[in-house]
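Text of the file entry_12.pdb, holding PDB, C-alpha atoms and all ligand atoms:
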ATOM      1  CA  MET A1465      -1.657  -2.576  -4.951
ATOM      2  CA  PRO A1466      -2.624  -2.012  -2.270
ATOM      3  CA  GLU A1467      -0.949   1.363  -1.871
ATOM      4  CA  LEU A1468      -0.828   3.862   0.997
ATOM      5  CA  PRO A1469      -4.593   4.629   1.245
ATOM      6  CA  GLU A1470      -5.550   0.951   1.157
ATOM      7  CA  VAL A1471      -3.031  -0.200   3.781
ATOM      8  CA  GLU A1472      -3.862   2.822   5.977
ATOM      9  CA  THR A1473      -7.555   1.896   5.729
ATOM     10  CA  ILE A1474      -6.820  -1.719   6.701
ATOM     11  CA  VAL A1475      -4.724  -0.626   9.688
ATOM     12  CA  ARG A1476      -7.328   1.887  10.922
ATOM     13  CA  ASP A1477     -10.022  -0.780  10.631
ATOM     14  CA  VAL A1478      -8.178  -3.553  12.463
ATOM     15  CA  ALA A1479      -6.388  -1.420  15.110
ATOM     16  CA  PRO A1480      -9.328  -0.856  17.485
ATOM     17  CA  ARG A1481     -10.206  -4.556  17.369
ATOM     18  CA  LEU A1482      -6.647  -5.806  17.746
ATOM     19  CA  VAL A1483      -4.519  -3.445  19.839
ATOM     20  CA  GLY A1484      -4.286  -4.556  23.464
ATOM     21  CA  ARG A1485      -5.388  -8.088  22.597
ATOM     22  CA  ARG A1486      -3.331 -11.148  23.472
ATOM     23  CA  ILE A1487      -2.693 -13.809  20.833
ATOM     24  CA  ARG A1488      -3.625 -17.166  22.332
ATOM     25  CA  SER A1489      -2.412 -19.267  19.424
ATOM     26  CA  ALA A1490      -1.180 -18.785  15.878
ATOM     27  CA  LYS A1491      -1.453 -21.050  12.854
ATOM     28  CA  LEU A1492       0.504 -20.574   9.642
ATOM     29  CA  THR A1493      -0.645 -22.798   6.778
ATOM     30  CA  LYS A1494       1.820 -21.666   4.064
ATOM     31  CA  THR A1495       5.426 -20.625   4.486
ATOM     32  CA  ASP A1496       6.084 -19.070   1.066
ATOM     33  CA  VAL A1497       4.985 -15.620   2.302
ATOM     34  CA  LEU A1498       7.647 -15.582   5.038
ATOM     35  CA  ARG A1499      10.721 -13.385   4.685
ATOM     36  CA  GLY A1500      13.643 -13.722   7.065
ATOM     37  CA  VAL A1501      11.684 -15.746   9.596
ATOM     38  CA  SER A1502      10.835 -19.429   9.913
ATOM     39  CA  ARG A1503       7.401 -20.789  10.687
ATOM     40  CA  PRO A1504       8.410 -22.074  14.161
ATOM     41  CA  ARG A1505       9.957 -18.721  15.144
ATOM     42  CA  LEU A1506       6.960 -16.711  13.910
ATOM     43  CA  VAL A1507       4.439 -18.961  15.651
ATOM     44  CA  ARG A1508       6.519 -19.052  18.851
ATOM     45  CA  THR A1509       6.875 -15.253  18.901
ATOM     46  CA  LEU A1510       3.195 -14.586  18.255
ATOM     47  CA  THR A1511       1.873 -17.109  20.762
ATOM     48  CA  GLY A1512       1.153 -15.442  24.109
ATOM     49  CA  ASN A1513       2.268 -12.044  22.802
ATOM     50  CA  THR A1514       0.077  -8.940  22.961
ATOM     51  CA  VAL A1515      -0.417  -6.510  20.067
ATOM     52  CA  ARG A1516       0.666  -3.097  21.355
ATOM     53  CA  ALA A1517       0.145  -1.004  18.210
ATOM     54  CA  ALA A1518      -0.935  -1.272  14.586
ATOM     55  CA  SER A1519       0.428   1.269  12.130
ATOM     56  CA  ARG A1520       1.488   1.681   8.524
ATOM     57  CA  ARG A1521       4.823   2.387   6.877
ATOM     58  CA  ALA A1522       4.801   2.826   3.064
ATOM     59  CA  LYS A1523       2.600  -0.046   1.786
ATOM     60  CA  HIS A1524       3.214  -2.252   4.831
ATOM     61  CA  ALA A1525       1.039  -2.907   7.872
ATOM     62  CA  VAL A1526       3.172  -2.936  11.030
ATOM     63  CA  PHE A1527       2.096  -4.780  14.188
ATOM     64  CA  LEU A1528       4.187  -3.945  17.242
ATOM     65  CA  LEU A1529       4.175  -6.720  19.822
ATOM     66  CA  GLN A1530       4.705  -6.581  23.581
ATOM     67  CA  SER A1531       8.005  -8.440  23.128
ATOM     68  CA  GLY A1532       9.354  -5.555  21.025
ATOM     69  CA  HIS A1533       9.137  -7.509  17.762
ATOM     70  CA  ARG A1534       7.245  -6.138  14.796
ATOM     71  CA  MET A1535       5.312  -8.289  12.366
ATOM     72  CA  ILE A1536       5.260  -6.541   8.999
ATOM     73  CA  VAL A1537       2.676  -7.563   6.413
ATOM     74  CA  GLN A1538       2.663  -6.333   2.828
ATOM     75  CA  PRO A1539      -0.655  -7.580   1.413
ATOM     76  CA  ARG A1540       0.217  -6.898  -2.263
ATOM     77  CA  MET A1541      -2.303  -7.911  -4.935
ATOM     78  CA  THR A1542      -4.489 -10.532  -3.307
ATOM     79  CA  GLY A1543      -3.906 -10.263   0.435
ATOM     80  CA  SER A1544      -6.193  -8.948   3.145
ATOM     81  CA  LEU A1545      -5.991  -8.483   6.919
ATOM     82  CA  ILE A1546      -9.241  -8.827   8.807
ATOM     83  CA  VAL A1547     -10.301  -9.266  12.437
ATOM     84  CA  TYR A1548     -13.292 -11.593  12.658
ATOM     85  CA  ASP A1549     -15.547 -11.950  15.681
ATOM     86  CA  ARG A1550     -16.920 -15.241  14.349
ATOM     87  CA  PRO A1551     -15.496 -18.484  12.951
ATOM     88  CA  LEU A1552     -14.306 -18.383   9.316
ATOM     89  CA  THR A1553     -16.529 -19.691   6.547
ATOM     90  CA  PRO A1554     -14.966 -22.564   4.529
ATOM     91  CA  ASP A1555     -14.178 -20.113   1.713
ATOM     92  CA  GLU A1556     -12.489 -17.669   4.098
ATOM     93  CA  ALA A1557     -10.555 -20.473   5.771
ATOM     94  CA  ARG A1558      -9.338 -21.801   2.415
ATOM     95  CA  TYR A1559      -7.090 -18.814   1.761
ATOM     96  CA  ALA A1560      -6.200 -17.986   5.352
ATOM     97  CA  VAL A1561      -2.399 -17.997   5.504
ATOM     98  CA  LEU A1562      -1.973 -16.817   9.107
ATOM     99  CA  THR A1563      -4.715 -17.172  11.686
ATOM    100  CA  CYS A1564      -4.214 -15.750  15.183
ATOM    101  CA  SER A1565      -6.755 -16.754  17.784
ATOM    102  CA  LEU A1566      -7.270 -13.857  20.223
ATOM    103  CA  ALA A1567      -7.753 -14.300  23.959
ATOM    104  CA  GLY A1568     -11.339 -13.426  24.834
ATOM    105  CA  GLY A1569     -12.542 -14.428  21.345
ATOM    106  CA  GLY A1570     -11.991 -13.343  17.772
ATOM    107  CA  LEU A1571      -9.581 -14.154  14.983
ATOM    108  CA  PHE A1572      -6.917 -12.004  13.349
ATOM    109  CA  VAL A1573      -6.448 -13.384   9.848
ATOM    110  CA  TYR A1574      -4.035 -12.709   7.015
ATOM    111  CA  ARG A1575      -5.684 -14.105   3.937
ATOM    112  CA  ASP A1576      -3.963 -14.232   0.559
ATOM    113  CA  VAL A1577      -5.479 -15.955  -2.471
ATOM    114  CA  ARG A1578      -2.320 -16.066  -4.606
ATOM    115  CA  ARG A1579       0.154 -15.522  -1.759
ATOM    116  CA  LEU A1580       1.960 -12.636  -3.429
ATOM    117  CA  GLY A1581       2.188 -10.793  -0.108
ATOM    118  CA  THR A1582       4.984 -11.039   2.433
ATOM    119  CA  VAL A1583       5.298 -11.405   6.206
ATOM    120  CA  TRP A1584       8.393 -10.290   8.094
ATOM    121  CA  LEU A1585       9.277 -10.490  11.775
ATOM    122  CA  LEU A1586      11.782  -7.867  12.881
ATOM    123  CA  ASP A1587      13.392  -6.912  16.164
ATOM    124  CA  GLU A1588      14.088  -3.252  16.985
ATOM    125  CA  ARG A1589      17.381  -3.228  15.110
ATOM    126  CA  GLY A1590      15.921  -4.954  12.067
ATOM    127  CA  TRP A1591      13.035  -2.497  12.013
ATOM    128  CA  LYS A1592      15.362   0.519  12.121
ATOM    129  CA  ALA A1593      17.279  -0.809   9.120
ATOM    130  CA  TYR A1594      14.022  -1.619   7.311
ATOM    131  CA  THR A1595      12.384   1.759   7.801
ATOM    132  CA  ALA A1596      15.614   3.630   7.011
ATOM    133  CA  ARG A1597      15.535   2.197   3.486
ATOM    134  CA  LEU A1598      12.112   3.737   2.810
ATOM    135  CA  GLY A1599      11.469   7.308   1.679
ATOM    136  CA  PRO A1600       9.406   9.985   3.445
ATOM    137  CA  GLU A1601       5.722   9.478   4.255
ATOM    138  CA  PRO A1602       3.669  11.774   1.988
ATOM    139  CA  LEU A1603       0.844  12.350   4.498
ATOM    140  CA  GLU A1604       3.133  13.422   7.319
ATOM    141  CA  PRO A1605       3.613  17.143   8.026
ATOM    142  CA  GLY A1606       7.320  16.938   7.220
ATOM    143  CA  PHE A1607       6.579  16.107   3.585
ATOM    144  CA  THR A1608       7.023  19.491   1.913
ATOM    145  CA  PRO A1609       7.644  20.439  -1.740
ATOM    146  CA  ALA A1610      11.333  20.771  -0.809
ATOM    147  CA  VAL A1611      11.400  17.153   0.392
ATOM    148  CA  LEU A1612       9.853  15.990  -2.886
ATOM    149  CA  ALA A1613      12.276  18.165  -4.839
ATOM    150  CA  ARG A1614      15.210  16.467  -3.094
ATOM    151  CA  ALA A1615      13.766  13.028  -3.860
ATOM    152  CA  LEU A1616      13.425  13.857  -7.558
ATOM    153  CA  ALA A1617      16.665  15.789  -8.012
ATOM    154  CA  GLY A1618      18.924  12.754  -7.920
ATOM    155  CA  THR A1619      17.520  10.796 -10.850
ATOM    156  CA  ARG A1620      16.943  11.110 -14.568
ATOM    157  CA  ALA A1621      14.387   8.288 -14.406
ATOM    158  CA  ALA A1622      10.851   9.051 -15.566
ATOM    159  CA  VAL A1623       9.070  11.073 -12.899
ATOM    160  CA  LYS A1624       6.385   8.392 -12.626
ATOM    161  CA  LYS A1625       8.979   5.729 -11.890
ATOM    162  CA  ALA A1626      10.714   8.046  -9.396
ATOM    163  CA  ILE A1627       7.592   8.728  -7.316
ATOM    164  CA  MET A1628       6.808   4.991  -7.241
ATOM    165  CA  ASP A1629      10.327   4.201  -6.000
ATOM    166  CA  GLN A1630       9.743   3.410  -2.311
ATOM    167  CA  ARG A1631      13.262   4.570  -1.412
ATOM    168  CA  ARG A1632      12.397   8.063  -2.708
ATOM    169  CA  LEU A1633       8.776   8.334  -1.604
ATOM    170  CA  ALA A1634       6.818   5.869   0.522
ATOM    171  CA  GLY A1635       3.405   4.468  -0.295
ATOM    172  CA  VAL A1636       2.727   5.611  -3.869
ATOM    173  CA  GLY A1637       2.179   2.863  -6.441
ATOM    174  CA  ASN A1638       0.857   2.688  -9.972
ATOM    175  CA  ILE A1639      -2.703   3.870  -9.358
ATOM    176  CA  TYR A1640      -1.892   7.051  -7.457
ATOM    177  CA  ALA A1641       1.200   7.860  -9.536
ATOM    178  CA  ASN A1642      -0.976   7.870 -12.667
ATOM    179  CA  GLU A1643      -3.667   9.959 -10.984
ATOM    180  CA  ALA A1644      -1.322  12.490  -9.349
ATOM    181  CA  LEU A1645       0.554  13.129 -12.603
ATOM    182  CA  PHE A1646      -2.719  13.681 -14.435
ATOM    183  CA  ASP A1647      -3.924  16.111 -11.760
ATOM    184  CA  ALA A1648      -0.578  17.923 -11.917
ATOM    185  CA  ARG A1649      -0.711  17.972 -15.760
ATOM    186  CA  ILE A1650       2.769  16.467 -15.985
ATOM    187  CA  ASP A1651       3.839  13.934 -18.649
ATOM    188  CA  PRO A1652       4.795  10.771 -16.655
ATOM    189  CA  SER A1653       7.813  10.115 -18.903
ATOM    190  CA  ARG A1654       9.561  13.420 -18.101
ATOM    191  CA  PRO A1655      12.959  12.952 -16.403
ATOM    192  CA  ALA A1656      12.421  13.508 -12.660
ATOM    193  CA  ASN A1657      15.342  15.900 -12.322
ATOM    194  CA  ARG A1658      14.064  18.135 -15.133
ATOM    195  CA  LEU A1659      10.857  19.281 -13.455
ATOM    196  CA  THR A1660      10.751  22.979 -12.621
ATOM    197  CA  ALA A1661      10.295  24.087  -9.001
ATOM    198  CA  ALA A1662       6.726  25.136  -9.847
ATOM    199  CA  GLU A1663       5.987  21.705 -11.335
ATOM    200  CA  VAL A1664       7.411  19.940  -8.271
ATOM    201  CA  GLU A1665       5.183  22.070  -6.057
ATOM    202  CA  THR A1666       2.117  21.261  -8.154
ATOM    203  CA  LEU A1667       2.987  17.558  -8.127
ATOM    204  CA  HIS A1668       3.506  17.648  -4.362
ATOM    205  CA  GLY A1669       0.022  19.097  -3.890
ATOM    206  CA  ALA A1670      -1.481  16.553  -6.298
ATOM    207  CA  ILE A1671       0.146  13.578  -4.532
ATOM    208  CA  VAL A1672      -1.023  14.690  -1.085
ATOM    209  CA  GLU A1673      -4.531  15.466  -2.303
ATOM    210  CA  ILE A1674      -5.063  12.230  -4.231
ATOM    211  CA  LEU A1675      -3.865  10.124  -1.274
ATOM    212  CA  GLN A1676      -6.112  12.004   1.172
ATOM    213  CA  ARG A1677      -9.135  11.702  -1.102
ATOM    214  CA  ALA A1678      -8.522   7.983  -1.663
ATOM    215  CA  LEU A1679      -8.125   7.461   2.080
ATOM    216  CA  ARG A1680     -11.455   9.193   2.737
ATOM    217  CA  ALA A1681     -13.022   6.764   0.223
ATOM    218  CA  SER A1682     -11.419   3.738   1.987
ATOM    219  CA  GLY A1683      -9.114   3.121  -0.977
ATOM    220  CA  THR A1684      -9.479   1.710  -4.483
ATOM    221  CA  THR A1685     -10.766  -1.775  -5.238
ATOM    222  CA  VAL A1686      -9.984  -2.826  -8.789
ATOM    223  CA  ARG A1687      -9.531  -6.514  -7.955
ATOM    224  CA  ASP A1688      -9.090  -8.138  -4.586
ATOM    225  CA  TYR A1689      -8.431  -5.313  -2.146
ATOM    226  CA  ARG A1690     -10.702  -5.321   0.902
ATOM    227  CA  THR A1691     -10.706  -3.032   3.927
ATOM    228  CA  GLY A1692      -9.970  -4.337   7.431
ATOM    229  CA  THR A1693     -13.676  -5.150   7.802
ATOM    230  CA  GLY A1694     -13.904  -7.015   4.499
ATOM    231  CA  GLU A1695     -15.605  -4.266   2.468
ATOM    232  CA  SER A1696     -14.624  -2.922  -0.952
ATOM    233  CA  GLY A1697     -13.067   0.531  -1.260
ATOM    234  CA  ASN A1698     -14.878   3.302  -3.131
ATOM    235  CA  PHE A1699     -12.221   5.339  -4.874
ATOM    236  CA  GLN A1700     -12.331   3.281  -8.104
ATOM    237  CA  PHE A1701     -15.353   5.407  -9.054
ATOM    238  CA  GLU A1702     -13.268   8.590  -8.869
ATOM    239  CA  LEU A1703     -10.228   7.522 -10.908
ATOM    240  CA  LYS A1704      -9.589   9.849 -13.842
ATOM    241  CA  VAL A1705      -6.892   7.947 -15.781
ATOM    242  CA  TYR A1706      -5.908   4.658 -14.133
ATOM    243  CA  ASP A1707      -7.417   1.720 -16.050
ATOM    244  CA  ARG A1708      -9.289   4.167 -18.312
ATOM    245  CA  GLY A1709      -7.185   3.959 -21.500
ATOM    246  CA  GLY A1710      -9.286   4.731 -24.589
ATOM    247  CA  GLU A1711     -11.886   6.674 -22.615
ATOM    248  CA  PRO A1712     -12.253  10.452 -22.973
ATOM    249  CA  CYS A1713     -10.120  12.766 -20.809
ATOM    250  CA  VAL A1714     -12.318  14.377 -18.152
ATOM    251  CA  ARG A1715     -10.571  17.690 -18.810
ATOM    252  CA  CYS A1716     -10.377  18.002 -22.607
ATOM    253  CA  GLY A1717     -12.414  15.111 -23.999
ATOM    254  CA  ARG A1718      -9.566  13.678 -26.067
ATOM    255  CA  ARG A1719      -8.880   9.957 -25.851
ATOM    256  CA  LEU A1720      -6.614   8.777 -23.000
ATOM    257  CA  VAL A1721      -3.578   6.751 -24.099
ATOM    258  CA  THR A1722      -2.130   3.704 -22.323
ATOM    259  CA  THR A1723       1.549   2.784 -22.739
ATOM    260  CA  HIS A1724       3.946   0.342 -21.088
ATOM    261  CA  ALA A1725       7.017   2.399 -21.933
ATOM    262  CA  ILE A1726       7.857   3.277 -18.297
ATOM    263  CA  ASP A1727       9.183   0.247 -16.398
ATOM    264  CA  LEU A1728       6.685  -2.011 -18.238
ATOM    265  CA  ARG A1729       3.946  -0.759 -15.912
ATOM    266  CA  GLN A1730       0.634   0.435 -17.278
ATOM    267  CA  THR A1731       0.715   4.202 -17.691
ATOM    268  CA  THR A1732      -2.406   6.052 -18.815
ATOM    269  CA  LEU A1733      -2.283   9.738 -19.678
ATOM    270  CA  CYS A1734      -3.778  12.522 -21.712
ATOM    271  CA  ALA A1735      -1.089  13.498 -24.216
ATOM    272  CA  PHE A1736      -2.745  16.893 -24.623
ATOM    273  CA  CYS A1737      -3.245  17.907 -20.966
ATOM    274  CA  GLN A1738      -0.009  16.404 -19.589
ATOM    275  CA  ARG A1739       3.181  18.070 -20.782
TER     276      ARG A1739
HETATM  277 ZN    ZN B   1      -6.956  15.971 -21.637
END
Reformat the file's structure so that it appears as structure tokens.
Amino acid sequence: MPELPEVETIVRDVAPRLVGRRIRSAKLTKTDVLRGVSRPRLVRTLTGNTVRAASRRAKHAVFLLQSGHRMIVQPRMTGSLIVYDRPLTPDEARYAVLTCSLAGGGLFVYRDVRRLGTVWLLDERGWKAYTARLGPEPLEPGFTPAVLARALAGTRAAVKKAIMDQRRLAGVGNIYANEALFDARIDPSRPANRLTAAEVETLHGAIVEILQRALRASGTTVRDYRTGTGESGNFQFELKVYDRGGEPCVRCGRRLVTTHAIDLRQTTLCAFCQR
């Protein structure tokens, strides 16, 4: 959390208010979110730089700067990225980790209550290495059933674990893995390389559809996730299995089961509908 639909929502919300803007000054209050960059280098690089593009890769928001650097933010559980056109309230300021003051007014803020998120600063070479380690983007046209089949063929790991592995497939986390496997009627514990071609095709369709639907609903808020304008998402009302252990299956009415047998993550399924 947040996964592809949430980070995509954040990026789409902040992009029109951020791209083309110059950063007048930057303030970083906590350094524990930084990866591979020091506070002085981050602040120095951001100051006076202009944001040329905002995009998403996997579960990361990517801000391309005029200098050619990219600032990569993974908000994780409690982080949010918001552009404000007013000063922060004391509560907002309390958890602001990075605050960029924009020329012409406005603030670009990375806020993180528990600071579980990460901030990277990469040059072109670093970015190429970073993105090369991530799997295909499921909402891009090149993501076909054959691409998913290749990603699953190389591992005996549980199919749920395999589709959450960012090196195999980008952007899918626990919520949408649970939901896609329910929609595809596949038992999450099945070895990934044992799915039939027909099952892979069904799963491919289910992954694409669940991500598109969640994106249309501005993502899922179960705890702290907020869009790039500070709103809650709406897809939590449409979840069929995630966080619904013990409730009736929407398809057959039997009780949904929650286990932690796959990678210690919470997996909820219908043992009757998913085979
Ligand atoms: Zn069922």
For the structure provided, state which residues fall under the PyMOL selection byres (((chain A and resi 1469) around 8) and not hetatm), and present them as number ranges by chain.
A: 1466-1468, 1470-1473, 1675-1676, 1678-1679, 1682-1683
From the set A:Arg1687, A:Arg1632, A:Lys1494, A:Arg1718, which residue has the shortest atom-to-atom contact distance to Pro1602 (chain A), counting all atoms listed in the file?
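Smallest distance to Pro1602 (chain A) is found for A:Arg1632.
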Could you list, as an mmCIF file with C-alpha atoms, in the coordinates of the input, all protein and nucleic acid residues with an atom at most 7 Å from ligand ZN 1 (chain B), counting all atoms listed in the file?
data_model
loop_
_atom_site.group_PDB
_atom_site.id
_atom_site.type_symbol
_atom_site.label_atom_id
_atom_site.label_comp_id
_atom_site.auth_asym_id
_atom_site.auth_seq_id
_atom_site.Cartn_x
_atom_site.Cartn_y
_atom_site.Cartn_z
ATOM 1 C CA CYS A 1713 -10.120 12.766 -20.809
ATOM 2 C CA VAL A 1714 -12.318 14.377 -18.152
ATOM 3 C CA ARG A 1715 -10.571 17.690 -18.810
ATOM 4 C CA CYS A 1716 -10.377 18.002 -22.607
ATOM 5 C CA GLY A 1717 -12.414 15.111 -23.999
ATOM 6 C CA ARG A 1718 -9.566 13.678 -26.067
ATOM 7 C CA CYS A 1734 -3.778 12.522 -21.712
ATOM 8 C CA ALA A 1735 -1.089 13.498 -24.216
ATOM 9 C CA PHE A 1736 -2.745 16.893 -24.623
ATOM 10 C CA CYS A 1737 -3.245 17.907 -20.966
#
Measuring atom to atom with only C-alpha atoms, identify which of A:His1533, A:Arg1476, A:Arg1488, A:Arg1579 is nearest to Arg1505 (chain A).
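Distance minimum relative to Arg1505 (chain A) lands on A:His1533.
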All residues 9 Å or closer to region 1724-1726 of chain A, all atoms listed in the file, same chain fewer than 3 positions away omitted, as a PyMOL selection string:
chain A and resi 1622+1624-1625+1652-1653+1729-1732
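Taking CA of Gly1581 (chain A) and CA of Met1541 (chain A) as the two end points, the separation is 7.2 Å.
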Mind telling me what the PyMOL selection byres (((chain A and resi 1582-1585) around 10) and not hetatm) catches here, as a PyMOL selection string?
chain A and resi 1495-1502+1505-1506+1509-1510+1524-1528+1533-1540+1543+1562+1574+1576+1579-1581+1586-1587+1590-1591
Of the residues A:Leu1571, A:Leu1482, A:Met1465, A:Leu1529, which is the one nearest to Leu1552 (chain A), using all atoms listed in the file?
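Result for the nearest residue to Leu1552 (chain A): A:Leu1571.
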Ground truth for the PyMOL selection byres (((chain A and resi 1693) around 8) and not hetatm), written as a short mmCIF file (atom, residue, chain, number, x, y, z; two decimals) with C-alpha atoms, keeping the file's coordinate frame:
data_model
loop_
_atom_site.label_atom_id
_atom_site.label_comp_id
_atom_site.auth_asym_id
_atom_site.auth_seq_id
_atom_site.Cartn_x
_atom_site.Cartn_y
_atom_site.Cartn_z
CA ILE A 1474 -6.82 -1.72 6.70
CA ASP A 1477 -10.02 -0.78 10.63
CA VAL A 1478 -8.18 -3.55 12.46
CA ILE A 1546 -9.24 -8.83 8.81
CA VAL A 1547 -10.30 -9.27 12.44
CA ARG A 1690 -10.70 -5.32 0.90
CA THR A 1691 -10.71 -3.03 3.93
CA GLY A 1692 -9.97 -4.34 7.43
CA GLY A 1694 -13.90 -7.02 4.50
CA GLU A 1695 -15.60 -4.27 2.47
#
Provide the CA of Ser1544 (chain A) to CA of Gln1630 (chain A) distance in Å, to one decimal place.
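Between CA of Ser1544 (chain A) and CA of Gln1630 (chain A) the gap is 20.9 Å.
The list of residues within 12 Å of (-10.7, -15.1, 26.5), counted using all atoms listed in the file, is Arg1485, Arg1486, Ile1487, Arg1488, Ser1489, Ser1565, Leu1566, Ala1567, Gly1568, Gly1569, Gly1570 and Leu1571 of chain A.
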What is the CA of Gln1700 (chain A)-CA of Tyr1640 (chain A) distance in Å, reported with one decimal?
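About the pair CA of Gln1700 (chain A) and CA of Tyr1640 (chain A): they are 11.1 Å apart.
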Would you list the contacts of Arg1521 (chain A) as a list of chain:residue names, taking every protein, DNA or RNA residue within 8 Å and counting only C-alpha atoms, but skipping same-chain residues closer than 5 positions in sequence?
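The residues that qualify are A:Val1526, A:Thr1595, A:Glu1601, A:Ala1634, A:Gly1635.
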Which residue is closest to Met1628 (chain A)? Choose from A:Gly1697, A:Gly1484, A:Gly1599, A:Gly1669 and count all atoms listed in the file.
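Looking only at the distances to Met1628 (chain A), the closest residue turns out to be A:Gly1599.
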Neighbour list for Val1577 (chain A) as a list in words, cut-off 10 Å, all atoms listed in the file, skip fewer than 6 positions in-chain:
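Returned residues: Met1541, Thr1542, Gly1543, Ser1544, Glu1556, Arg1558, Tyr1559, Ala1560, Val1561 and Asp1688 of chain A.
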I need the residue nearest Arg1654 (chain A) from this list: A:Thr1608, A:Ala1517, A:Val1623, A:Pro1480. Use only C-alpha atoms for the distance.
A:Val1623
Of A:Leu1720, A:Val1515, A:Val1507, A:Leu1492, the one sitting nearest Ala1479 (chain A) when using all atoms listed in the file is A:Val1515
